[in-house]
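Engineer: Take a look at this one; I'll ask things after.
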Amino acid sequence: DVLGSRGLGDVYKRQKYDGASHGEAATANVDGATIEYSTDNGATWTDTVPTIKDVGEINVTVKASMANYSDATATYTLKVTPRTVTLTSETASKPYDGDPLTRPVVTIGGDGFVDGEVTDIKAIGSVTNVSDSPVTNTIVYTTTDKFVEDNYNITKAEGKLSITPLAVTVTAKDYTKYVGEKDPAFEATVTGTINNDTVSYTISREKGETAGTY
């Protein structure tokens, strides 16, 4: 037989996408044999070993020929499968403090990206006020000209960012009056606010005009 062990029978070569080209060369058992390859069912032939880089599949026919020998042929398949990538952004909350809550760090799991194809991976969620909560901690990234979307199965797990109400204490002041007098203008002390924020409040007392504590 003219074809050697790397050219006989059906070979199925599976490779996860890694940014490189992959091929499978055949060998001949007889010195001087000519090895040719076809990727179109024998319509055309070349002595260049077929390669595959991006996700997909190539069916290759290889032929070895030499004077005084019958041609020998075999087939094999080259296949590249996608990389699996998981991107996870944080979930977080904090009491209102007037400053935006952000969590830009993104955890990359699975196979990850091939070097040089994706940059600036970050989460851009931001929230400052309780009324705007929750917001999605959206994940974004920048791709280079080497990036091909079909080479990846990308899953995003995006967290939520929330602002909770800030605890504020309103303490009414103590007052004394004599029976028959009008109530004074009640006031209270407010503690816990920030950034010169103001809190609206009303003060009322139990009904009663006889001597006692209300």
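By order in the structure tokens, chains are A, B, ...; within a chain, residues start at 1; ligands start at 1, following the order shown.
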Pick out the residues sitting within 7 Å of stretch 176-186 of chain A, and hand them over as a list in words; count only C-alpha atoms, and ignore anything fewer than 5 positions along from it in its own chain.
Structural biologist: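 The contact residues come out as Ile203, Glu209, Thr210 and Ala211 of chain A.
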Engineer: So which residues of stretch 45-185 of chain A fall under strand (DSSP E or B) by DSSP, listed as a ChimeraX atom specification?
Structural biologist: /A:46,51-52,56-65,72-81,83-89,92-95,101-102,106-110,118-123,126-127,135-136,139-143,152-157,160-164,169-172
Engineer: Per residue of stretch 45-70 of chain A within 7 Å of stretch 15-21 of chain A, note the shortest atom pair and the distance in Å to one decimal, counting only C-alpha atoms, and order the rows by chain and increasing residue number, as a Markdown table.
Structural biologist:
| residue | atom | partner | partner_atom | distance |
| --- | --- | --- | --- | --- |
| A:Thr51 | CA | A:Ser21 | CA | 5.8 |
| A:Ile52 | CA | A:Ser21 | CA | 5.3 |
| A:Lys53 | CA | A:Ser21 | CA | 4.3 |
| A:Asp54 | CA | A:Tyr17 | CA | 6.5 |
| A:Val55 | CA | A:Tyr17 | CA | 6.4 |
Engineer: According to DSSP computed on the backbone, where in stretch 27-199 of chain A is there helix (DSSP H, G or I)? Give the residues as a PyMOL selection string.
Structural biologist: chain A and resi 130-132+149-151
Engineer: Mind pulling up the distance from atom CA of A:Ala157 to atom CA of A:Asn129?
Structural biologist: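 Going from atom CA of A:Asn129 over to atom CA of A:Ala157, I get 23.5 Å.
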Engineer: Which residue out of A:Gly116, A:Asn195, A:Val106, A:Val80 has the minimum interatomic distance to A:Asp150 when only C-alpha atoms are used?
Structural biologist: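 The closest residue to A:Asp150 is A:Val80.
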Engineer: Could you build a table of the residues in stretch 57-79 of chain A lying no more than 12 Å from stretch 43-46 of chain A, giving for each the nearest pair of atoms and their separation in Å rounded to one decimal place, using only C-alpha atoms, ordered by chain and ascending residue number, as CSV?
Structural biologist:
residue,atom,partner,partner_atom,distance
A:Val60,CA,A:Trp45,CA,10.4
A:Thr61,CA,A:Trp45,CA,9.1
A:Val62,CA,A:Trp45,CA,8.8
A:Lys63,CA,A:Trp45,CA,8.8
A:Ala64,CA,A:Trp45,CA,11.3
Engineer: Find the distance between atom CA of A:Thr136 and atom CA of A:Tyr96 and write it in Å to one decimal.
Structural biologist: 17.6 Å
Engineer: Restricting the calculation to only C-alpha atoms, which member of A:Gly42, A:Asp115, A:Lys160, A:Gly125 is positioned closest to A:Thr143?
Structural biologist: A:Asp115
Engineer: Would you mind telling me which residue in A:Asp40, A:Glu117, A:Glu206, A:Asp71 lies nearest to A:Ile58 when using only C-alpha atoms?
Structural biologist: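 Comparing A:Asp40, A:Glu117, A:Glu206, A:Asp71 against A:Ile58, the winner is A:Asp40.
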Engineer: For A:Gly98, which residue among A:Val135, A:Ala123, A:Leu166, A:Ala172 is the nearest when counting only C-alpha atoms?
Structural biologist: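 The answer is A:Leu166, which sits nearest to A:Gly98.
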